[in-house]
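Q: First the structure, which I've put down as structure tokens, then a few questions once you've had a look.
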Amino acid sequence: MIKTGDVGLLTGKVAVLGYGSQGHAHALNLADSGIQVQVGLRPESSSRAAAEEAGLAVGTVAEAVKDAQVVVFLVPDGDQKALYDNEVAANLADGATLLFAHGFAIHFGLIEPPAGHDVVMVAPKGPGHIVRRLYEEGFGTPALIAVAQNASGQARELALAYAAAIGSGRAGILETTFKEETESDLFGEQAVLCGGVTQLIKYGFETLVEAGYAPEVAYYECLHELKLIVDLIYEGGLERMHYSISDTAEFGSHVVGPRVVDESVKENMRVALKAIQDGDFAREWIAEMERGRPSLAEYRSELAAHQIEQVGKRLRALGHREVQGVHGVG
């Protein structure tokens with residue numbers, strides 16, 4: 001784990017493309033570290049006012065990219081290829097570094113930078129608001145760095161400098177590769193953090209409701225209390241969580257958990273990982289983007305109509321205090 005980086009290597013302008021969750025955090029942290037920053041946005045972007053109000057220089061993507069030492073892609077994966085092809089490639093300064101916070105576009109060949117440019121990744125392991133908040137509090141968010149193209153001979157050092165400038169040197173910087181970061185990140189999202197967790201929550205909710213239990217009770221037991229458990233795991237691992245809950249909950253976790261999430265689930269995970277490694281998932285997602293994302297829109301509509309979302313909206317509308325007061329795992 002590395003905890004250093006020479007911020008002094010960032011001698012020129014850093015063009016931050018995008019001002020969403022990660023974009024705003026990177027731009028503000030860089031500026032507070034004394035780096036010259038310009039945010040690149042489309043003229044009609046709704047984020048323009050927020051960036052300007054934060055005191056940042058804002059221009060079009062082309063304006064930000066011109067003369068930039070580092071060009072940072074912080075727009076969604078699906079938008080990066082068109083942005084690079086239409087607004088970045090023709091405006092890149094000689095020797096400018098291309099920096100990504102996720103390896104998808106490079107690893108799967110959506111963007112193929114020309115020789116003569118460093119291509120690096122700095123991926124903070126946390127959402128943007130956490131990256132910003134921890135920086136302001138004097139701490140930092142751990143980050144992964146990787147080098148895909150080392151034209152200058154200093155690509156690694158520049159990635160470390162950038163990671164330090166956004167505060168990650170305070171927490172720790174880990175070296176990886178574009179391949180490892182991309183494939184492990186996609187797998188974690190799909191099988192555990194997003195896909196796996198949401199499917200488990202929905203199945204648990206549906207099982208209780210179908211058995212005649214009140215939807216409100218099912219919501220609290222299968223969704224609301226999850227944050228309490230995740231916080232314990234985050235603080236001290238699985239052992240810490242088991243130590244903090246009741247003996248009954250701990251025993252049930254060890255005995256029943258493997259019955260519900262059994263070896264067949266692990267085999268399904270292996271299949272999902274192979275689809276990522278083989279590029280099947282990337283091809284499926286790229287084709288979906290090219291069609292205008294109709295399936296994604298349908299998935300969003302289906303989720304919004306699910307009973308757990310309807311019940312959740314109603315319960316959350318009662319107010320934070322009432323919802324926070326319901327618990328029962330301890």
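Just so we're on the same page: first chain in the structure tokens is A, next is B, and so on; residues restart at 1 for each chain, and ligands are numbered from 1 in the order they show up.
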Find the residues of stretch 48-111 of chain A that sit at most 9 Å from stretch 121-137 of chain A; for each, write down the nearest two atoms and how far apart they are in Å, to one decimal. Count only C-alpha atoms. Sort by chain, then by number going up, and give it as CSV.

A:
residue,atom,partner,partner_atom,distance
A:Leu98,CA,A:Met121,CA,8.4
A:Leu99,CA,A:Met121,CA,5.3
A:Phe100,CA,A:Met121,CA,4.6
A:Ala101,CA,A:Ala123,CA,4.3
A:His102,CA,A:Ala123,CA,6.1
A:Gly103,CA,A:Met121,CA,7.0

Q: Can you list, as a ChimeraX atom specification, every residue of stretch 36-128 of chain A that DSSP puts in strand (DSSP E or B)?

A: /A:37-40,57-59,68-73,97-100,119-124

Q: Need the shell around stretch 163-167 of chain A: protein/DNA/RNA residues with any atom at most 9 Å away, counting only C-alpha atoms. Skip same-chain ones fewer than 3 positions apart. Format as a PyMOL selection string?

A: chain A and resi 3-7+10+25-35+122-124+131-132+134-135+138-145+158-160+170-171+173

Q: May I have the residues from that selection written out with N, CA and C atoms, as a short mmCIF file (atom, residue, chain, number, x, y, z; two decimals), in the first residue's frame?

A:
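Writing the result to out_2.cif gives the following:
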data_model
loop_
_atom_site.label_atom_id
_atom_site.label_comp_id
_atom_site.auth_asym_id
_atom_site.auth_seq_id
_atom_site.Cartn_x
_atom_site.Cartn_y
_atom_site.Cartn_z
N LYS A 3 1.43 5.40 0.21
CA LYS A 3 0.81 6.56 0.83
C LYS A 3 1.53 7.85 0.44
N THR A 4 1.99 7.91 -0.78
CA THR A 4 2.70 9.10 -1.20
C THR A 4 2.52 9.31 -2.69
N GLY A 5 2.79 10.51 -3.12
CA GLY A 5 2.71 10.88 -4.53
C GLY A 5 3.17 12.32 -4.65
N ASP A 6 3.92 12.63 -5.67
CA ASP A 6 4.47 13.97 -5.84
C ASP A 6 3.48 14.85 -6.60
N VAL A 7 2.66 15.57 -5.85
CA VAL A 7 1.65 16.43 -6.45
C VAL A 7 2.30 17.48 -7.36
N LEU A 10 2.03 17.59 -11.23
CA LEU A 10 0.87 18.15 -11.92
C LEU A 10 1.11 19.64 -12.12
N ALA A 25 -16.18 15.79 -7.01
CA ALA A 25 -15.23 15.50 -5.94
C ALA A 25 -13.80 15.66 -6.42
N HIS A 26 -13.49 15.09 -7.58
CA HIS A 26 -12.13 15.19 -8.11
C HIS A 26 -11.76 16.66 -8.37
N ALA A 27 -12.67 17.38 -9.03
CA ALA A 27 -12.36 18.77 -9.39
C ALA A 27 -12.10 19.62 -8.15
N LEU A 28 -12.97 19.51 -7.16
CA LEU A 28 -12.82 20.33 -5.96
C LEU A 28 -11.61 19.93 -5.14
N ASN A 29 -11.34 18.63 -5.02
CA ASN A 29 -10.17 18.17 -4.27
C ASN A 29 -8.88 18.61 -4.95
N LEU A 30 -8.85 18.48 -6.27
CA LEU A 30 -7.67 18.93 -7.02
C LEU A 30 -7.44 20.43 -6.82
N ALA A 31 -8.51 21.21 -6.94
CA ALA A 31 -8.38 22.66 -6.78
C ALA A 31 -7.88 23.01 -5.39
N ASP A 32 -8.41 22.32 -4.37
CA ASP A 32 -7.98 22.58 -3.00
C ASP A 32 -6.55 22.13 -2.76
N SER A 33 -6.03 21.25 -3.61
CA SER A 33 -4.63 20.82 -3.52
C SER A 33 -3.70 21.73 -4.33
N GLY A 34 -4.25 22.81 -4.87
CA GLY A 34 -3.44 23.78 -5.58
C GLY A 34 -3.23 23.48 -7.05
N ILE A 35 -4.05 22.58 -7.60
CA ILE A 35 -3.92 22.21 -9.01
C ILE A 35 -4.82 23.10 -9.85
N VAL A 122 -6.98 6.15 -12.01
CA VAL A 122 -7.01 6.41 -10.57
C VAL A 122 -8.46 6.22 -10.16
N ALA A 123 -8.71 5.17 -9.41
CA ALA A 123 -10.09 4.79 -9.06
C ALA A 123 -10.29 4.82 -7.55
N PRO A 124 -10.85 5.91 -7.02
CA PRO A 124 -11.16 5.95 -5.58
C PRO A 124 -12.21 4.90 -5.25
N VAL A 131 -15.64 10.77 -1.26
CA VAL A 131 -14.31 11.24 -1.65
C VAL A 131 -14.13 12.71 -1.26
N ARG A 132 -15.15 13.51 -1.49
CA ARG A 132 -15.08 14.93 -1.17
C ARG A 132 -15.14 15.17 0.34
N LEU A 134 -14.45 13.21 2.93
CA LEU A 134 -13.27 12.78 3.68
C LEU A 134 -12.09 13.71 3.43
N TYR A 135 -11.96 14.20 2.21
CA TYR A 135 -10.89 15.15 1.91
C TYR A 135 -11.05 16.40 2.76
N GLY A 138 -9.93 16.12 6.26
CA GLY A 138 -8.50 15.86 6.47
C GLY A 138 -8.11 14.41 6.28
N PHE A 139 -9.03 13.60 5.80
CA PHE A 139 -8.75 12.19 5.56
C PHE A 139 -8.74 11.95 4.05
N GLY A 140 -8.92 10.71 3.64
CA GLY A 140 -8.95 10.40 2.21
C GLY A 140 -9.63 9.08 1.94
N THR A 141 -9.88 8.83 0.67
CA THR A 141 -10.49 7.58 0.23
C THR A 141 -9.42 6.74 -0.46
N PRO A 142 -9.28 5.46 -0.08
CA PRO A 142 -8.29 4.62 -0.78
C PRO A 142 -8.56 4.59 -2.28
N ALA A 143 -7.52 4.39 -3.06
CA ALA A 143 -7.68 4.38 -4.51
C ALA A 143 -6.80 3.30 -5.13
N LEU A 144 -7.25 2.82 -6.29
CA LEU A 144 -6.45 1.94 -7.12
C LEU A 144 -5.83 2.76 -8.24
N ILE A 145 -4.59 2.44 -8.60
CA ILE A 145 -3.98 3.08 -9.77
C ILE A 145 -3.52 1.98 -10.73
N LEU A 158 2.82 9.90 -12.34
CA LEU A 158 1.75 10.88 -12.55
C LEU A 158 0.44 10.39 -11.95
N ALA A 159 0.18 9.10 -12.07
CA ALA A 159 -1.03 8.54 -11.46
C ALA A 159 -0.98 8.68 -9.93
N LEU A 160 0.19 8.42 -9.37
CA LEU A 160 0.35 8.58 -7.92
C LEU A 160 0.15 10.04 -7.51
N ARG A 170 -3.64 9.91 1.63
CA ARG A 170 -3.87 9.92 3.08
C ARG A 170 -4.39 8.58 3.59
N ALA A 171 -5.04 7.82 2.69
CA ALA A 171 -5.65 6.55 3.09
C ALA A 171 -4.89 5.34 2.58
N ILE A 173 -2.87 3.87 -1.44
CA ILE A 173 -3.00 3.68 -2.88
C ILE A 173 -2.48 2.29 -3.23
#

Q: Just asking: which residues within stretch 125-159 of chain A are alpha helix (DSSP H) according to DSSP, as a count of residues only?

A: 14

Q: Within 10 Å of A:Val61, counting only C-alpha atoms, which residues show up once you throw out same-chain ones fewer than 2 positions away? Write them as a compact mmCIF listing (two decimals) with all heavy atoms, in the first residue's frame, please.

A:
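As written to disk, part_17.txt reads:
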# COMPACT_ATOMS: atom_id res chain seq x y z
N ALA A 15 -7.97 18.81 -16.97
CA ALA A 15 -9.32 18.94 -17.51
C ALA A 15 -10.18 17.82 -16.94
O ALA A 15 -9.93 16.64 -17.23
CB ALA A 15 -9.30 18.87 -19.02
N VAL A 16 -11.15 18.17 -16.13
CA VAL A 16 -12.06 17.18 -15.54
C VAL A 16 -13.34 17.17 -16.38
O VAL A 16 -14.09 18.15 -16.40
CB VAL A 16 -12.38 17.52 -14.07
CG1 VAL A 16 -13.43 16.56 -13.52
CG2 VAL A 16 -11.11 17.47 -13.23
N LEU A 17 -13.57 16.07 -17.08
CA LEU A 17 -14.73 15.96 -17.95
C LEU A 17 -15.88 15.31 -17.19
O LEU A 17 -15.83 14.12 -16.86
CB LEU A 17 -14.38 15.14 -19.20
CG LEU A 17 -13.13 15.60 -19.96
CD1 LEU A 17 -12.96 14.79 -21.24
CD2 LEU A 17 -13.19 17.10 -20.27
N GLY A 18 -16.88 16.11 -16.89
CA GLY A 18 -18.01 15.63 -16.10
C GLY A 18 -18.01 16.26 -14.72
O GLY A 18 -16.93 16.52 -14.15
N GLN A 38 -9.89 22.83 -14.87
CA GLN A 38 -10.99 23.34 -15.67
C GLN A 38 -11.96 22.20 -15.92
O GLN A 38 -11.57 21.11 -16.37
CB GLN A 38 -10.54 23.93 -17.01
CG GLN A 38 -11.71 24.57 -17.79
CD GLN A 38 -11.25 25.30 -19.04
OE1 GLN A 38 -10.15 25.07 -19.55
NE2 GLN A 38 -12.09 26.20 -19.55
N VAL A 39 -13.23 22.42 -15.62
CA VAL A 39 -14.26 21.41 -15.82
C VAL A 39 -14.77 21.52 -17.25
O VAL A 39 -15.12 22.62 -17.71
CB VAL A 39 -15.42 21.60 -14.82
CG1 VAL A 39 -16.52 20.58 -15.08
CG2 VAL A 39 -14.90 21.48 -13.39
N GLY A 40 -14.81 20.40 -17.95
CA GLY A 40 -15.31 20.37 -19.32
C GLY A 40 -16.72 19.82 -19.36
O GLY A 40 -16.96 18.68 -18.94
N LEU A 41 -17.67 20.63 -19.84
CA LEU A 41 -19.07 20.22 -19.89
C LEU A 41 -19.68 20.63 -21.23
O LEU A 41 -19.23 21.58 -21.87
CB LEU A 41 -19.87 20.89 -18.76
CG LEU A 41 -19.47 20.56 -17.33
CD1 LEU A 41 -20.21 21.47 -16.37
CD2 LEU A 41 -19.76 19.10 -17.01
N ARG A 42 -20.72 19.93 -21.62
CA ARG A 42 -21.48 20.35 -22.79
C ARG A 42 -22.19 21.67 -22.46
O ARG A 42 -22.56 21.90 -21.30
CB ARG A 42 -22.48 19.28 -23.20
CG ARG A 42 -21.80 18.00 -23.69
CD ARG A 42 -22.80 17.04 -24.32
NE ARG A 42 -22.12 15.90 -24.93
CZ ARG A 42 -21.89 14.75 -24.32
NH1 ARG A 42 -22.28 14.58 -23.07
NH2 ARG A 42 -21.27 13.77 -24.94
N PRO A 43 -22.40 22.54 -23.45
CA PRO A 43 -23.01 23.85 -23.19
C PRO A 43 -24.34 23.77 -22.46
O PRO A 43 -24.67 24.63 -21.64
CB PRO A 43 -23.17 24.45 -24.59
CG PRO A 43 -22.10 23.79 -25.40
CD PRO A 43 -22.00 22.39 -24.87
N VAL A 58 -14.92 26.76 -15.91
CA VAL A 58 -15.75 25.84 -16.68
C VAL A 58 -15.70 26.23 -18.15
O VAL A 58 -15.72 27.42 -18.50
CB VAL A 58 -17.22 25.86 -16.20
CG1 VAL A 58 -18.07 24.87 -17.00
CG2 VAL A 58 -17.31 25.56 -14.71
N GLY A 59 -15.61 25.23 -19.02
CA GLY A 59 -15.63 25.47 -20.45
C GLY A 59 -16.27 24.31 -21.16
O GLY A 59 -16.75 23.35 -20.52
N GLU A 63 -12.65 23.08 -25.06
CA GLU A 63 -11.88 24.15 -24.41
C GLU A 63 -11.07 23.61 -23.24
O GLU A 63 -9.92 24.01 -23.02
CB GLU A 63 -12.82 25.24 -23.93
CG GLU A 63 -13.44 26.07 -25.05
CD GLU A 63 -14.57 26.96 -24.57
OE1 GLU A 63 -15.09 26.73 -23.45
OE2 GLU A 63 -14.95 27.88 -25.33
N ALA A 64 -11.67 22.71 -22.47
CA ALA A 64 -10.97 22.16 -21.31
C ALA A 64 -9.82 21.25 -21.74
O ALA A 64 -8.74 21.27 -21.13
CB ALA A 64 -11.96 21.38 -20.44
N VAL A 65 -10.03 20.48 -22.80
CA VAL A 65 -9.02 19.52 -23.24
C VAL A 65 -7.81 20.22 -23.85
O VAL A 65 -6.65 19.80 -23.63
CB VAL A 65 -9.64 18.53 -24.25
CG1 VAL A 65 -8.55 17.67 -24.91
CG2 VAL A 65 -10.66 17.63 -23.54
N LYS A 66 -8.02 21.29 -24.59
CA LYS A 66 -6.90 22.00 -25.22
C LYS A 66 -5.90 22.47 -24.16
O LYS A 66 -6.26 23.06 -23.16
CB LYS A 66 -7.42 23.21 -26.00
CG LYS A 66 -8.13 22.83 -27.30
CD LYS A 66 -8.67 24.06 -28.02
CE LYS A 66 -9.38 23.67 -29.31
NZ LYS A 66 -9.97 24.85 -29.99
N VAL A 71 -6.19 14.82 -18.93
CA VAL A 71 -7.61 14.84 -19.28
C VAL A 71 -8.28 13.68 -18.55
O VAL A 71 -7.91 12.51 -18.75
CB VAL A 71 -7.82 14.70 -20.80
CG1 VAL A 71 -9.31 14.65 -21.13
CG2 VAL A 71 -7.14 15.85 -21.53
N LEU A 83 -17.69 10.77 -26.50
CA LEU A 83 -17.03 11.98 -26.03
C LEU A 83 -15.59 12.04 -26.54
O LEU A 83 -15.13 13.09 -27.01
CB LEU A 83 -17.05 12.02 -24.50
CG LEU A 83 -16.54 13.31 -23.85
CD1 LEU A 83 -17.51 14.45 -24.11
CD2 LEU A 83 -16.34 13.11 -22.35
N TYR A 84 -14.90 10.92 -26.46
CA TYR A 84 -13.51 10.88 -26.93
C TYR A 84 -13.45 11.10 -28.44
O TYR A 84 -12.66 11.93 -28.92
CB TYR A 84 -12.87 9.54 -26.58
CG TYR A 84 -11.46 9.41 -27.12
CD1 TYR A 84 -10.38 9.99 -26.45
CD2 TYR A 84 -11.21 8.73 -28.31
CE1 TYR A 84 -9.10 9.91 -26.97
CE2 TYR A 84 -9.92 8.64 -28.83
CZ TYR A 84 -8.87 9.23 -28.16
OH TYR A 84 -7.60 9.16 -28.67
N ASN A 86 -15.63 12.44 -30.53
CA ASN A 86 -16.19 13.68 -31.09
C ASN A 86 -15.58 14.96 -30.53
O ASN A 86 -15.59 15.99 -31.22
CB ASN A 86 -17.70 13.71 -30.85
CG ASN A 86 -18.41 12.55 -31.54
OD1 ASN A 86 -17.96 12.05 -32.57
ND2 ASN A 86 -19.51 12.10 -30.95
N GLU A 87 -15.07 14.93 -29.28
CA GLU A 87 -14.67 16.18 -28.65
C GLU A 87 -13.28 16.18 -28.04
O GLU A 87 -12.72 17.25 -27.79
CB GLU A 87 -15.70 16.58 -27.59
CG GLU A 87 -17.12 16.73 -28.13
CD GLU A 87 -18.11 17.13 -27.07
OE1 GLU A 87 -17.98 18.25 -26.54
OE2 GLU A 87 -19.01 16.32 -26.76
N VAL A 88 -12.74 14.99 -27.78
CA VAL A 88 -11.44 14.94 -27.10
C VAL A 88 -10.30 14.70 -28.07
O VAL A 88 -9.30 15.44 -28.06
CB VAL A 88 -11.44 13.85 -26.00
CG1 VAL A 88 -10.05 13.70 -25.39
CG2 VAL A 88 -12.46 14.19 -24.92
N ASN A 91 -8.53 17.46 -29.95
CA ASN A 91 -8.09 18.60 -29.15
C ASN A 91 -6.98 18.27 -28.15
O ASN A 91 -6.54 19.14 -27.42
CB ASN A 91 -9.28 19.19 -28.40
CG ASN A 91 -10.31 19.79 -29.34
OD1 ASN A 91 -10.06 20.78 -30.01
ND2 ASN A 91 -11.49 19.17 -29.40

Q: Mind checking which residues fall within 8 Å of A:Asp67, counting only C-alpha atoms, ignoring those fewer than 3 positions away in the same chain, and posting them as a list in words?

A: Lys13, Ala64, Leu92 and Ala93 of chain A

Q: Applying 9 Å and only C-alpha atoms, which residues near A:Phe205 remain after dropping the ones on its own chain fewer than 4 positions away? List them as a VMD selection string.

A: chain A and resid 200 to 201 209 to 210 215 218 to 219 221 to 223 308

Q: Might you pull out every residue within 9 Å of A:His107, with only C-alpha atoms counted and same-chain residues fewer than 2 positions away left off, and present them as a list of chain:residue names?

A: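 Non-adjacent residues within range: A:Gly103, A:Phe104, A:Ala105, A:Gly109, A:Leu110, A:Ile111, A:Ala148, A:Phe178, A:Lys179, A:Thr182.
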
Q: Please save C-alpha atoms of the selected residues as a PDB file, in the first residue's frame.

A:
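And here's out-v2.pdb as it stands now:
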ATOM      1  CA  GLY A 103     -11.054   0.720 -16.868  1.00  0.00           C
ATOM      2  CA  PHE A 104     -14.061  -0.354 -18.965  1.00  0.00           C
ATOM      3  CA  ALA A 105     -13.543   1.873 -22.014  1.00  0.00           C
ATOM      4  CA  GLY A 109     -11.330  -1.262 -26.574  1.00  0.00           C
ATOM      5  CA  LEU A 110     -14.038   1.390 -26.815  1.00  0.00           C
ATOM      6  CA  ILE A 111     -11.274   3.999 -26.689  1.00  0.00           C
ATOM      7  CA  ALA A 148      -2.218   0.996 -19.599  1.00  0.00           C
ATOM      8  CA  PHE A 178      -6.852  -2.107 -16.067  1.00  0.00           C
ATOM      9  CA  LYS A 179      -7.868  -5.742 -16.591  1.00  0.00           C
ATOM     10  CA  THR A 182     -12.372  -3.668 -14.642  1.00  0.00           C
TER      11      THR A 182
END

Q: Enter the distance from atom CA of A:Ser295 to atom CA of A:Leu315, in Å, rounded to one decimal.

A: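 For atom CA of A:Ser295 relative to atom CA of A:Leu315, the distance reads 29.0 Å.
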
Q: If you measure from atom CA of A:Gly95 to atom CA of A:His117, what distance in Å do you get, rounded to one decimal?

A: 5.0 Å

Q: Using only C-alpha atoms, find the one residue out of A:Val119, A:Ala89, A:Val230, A:Ala50 that sits nearest to A:Gly153.

A: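 Closest residue, counting only C-alpha atoms: A:Val119.
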
Q: Select, from A:Ala161, A:Met241, A:His306, A:Val192, the residue with the minimum atom-to-atom distance to A:Lys266, counting only C-alpha atoms.

A: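 Closest to A:Lys266 of all the choices is A:Val192.
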
Q: For atom CA of A:Gly195 and atom CA of A:Leu318, quote the distance in Å rounded to one decimal.

A: 27.8 Å

Q: Of the candidates A:Thr97, A:Ala317, A:Ala90, A:Gly55, which shows the shortest atom-to-atom distance to A:Tyr162, using only C-alpha atoms?

A: A:Thr97
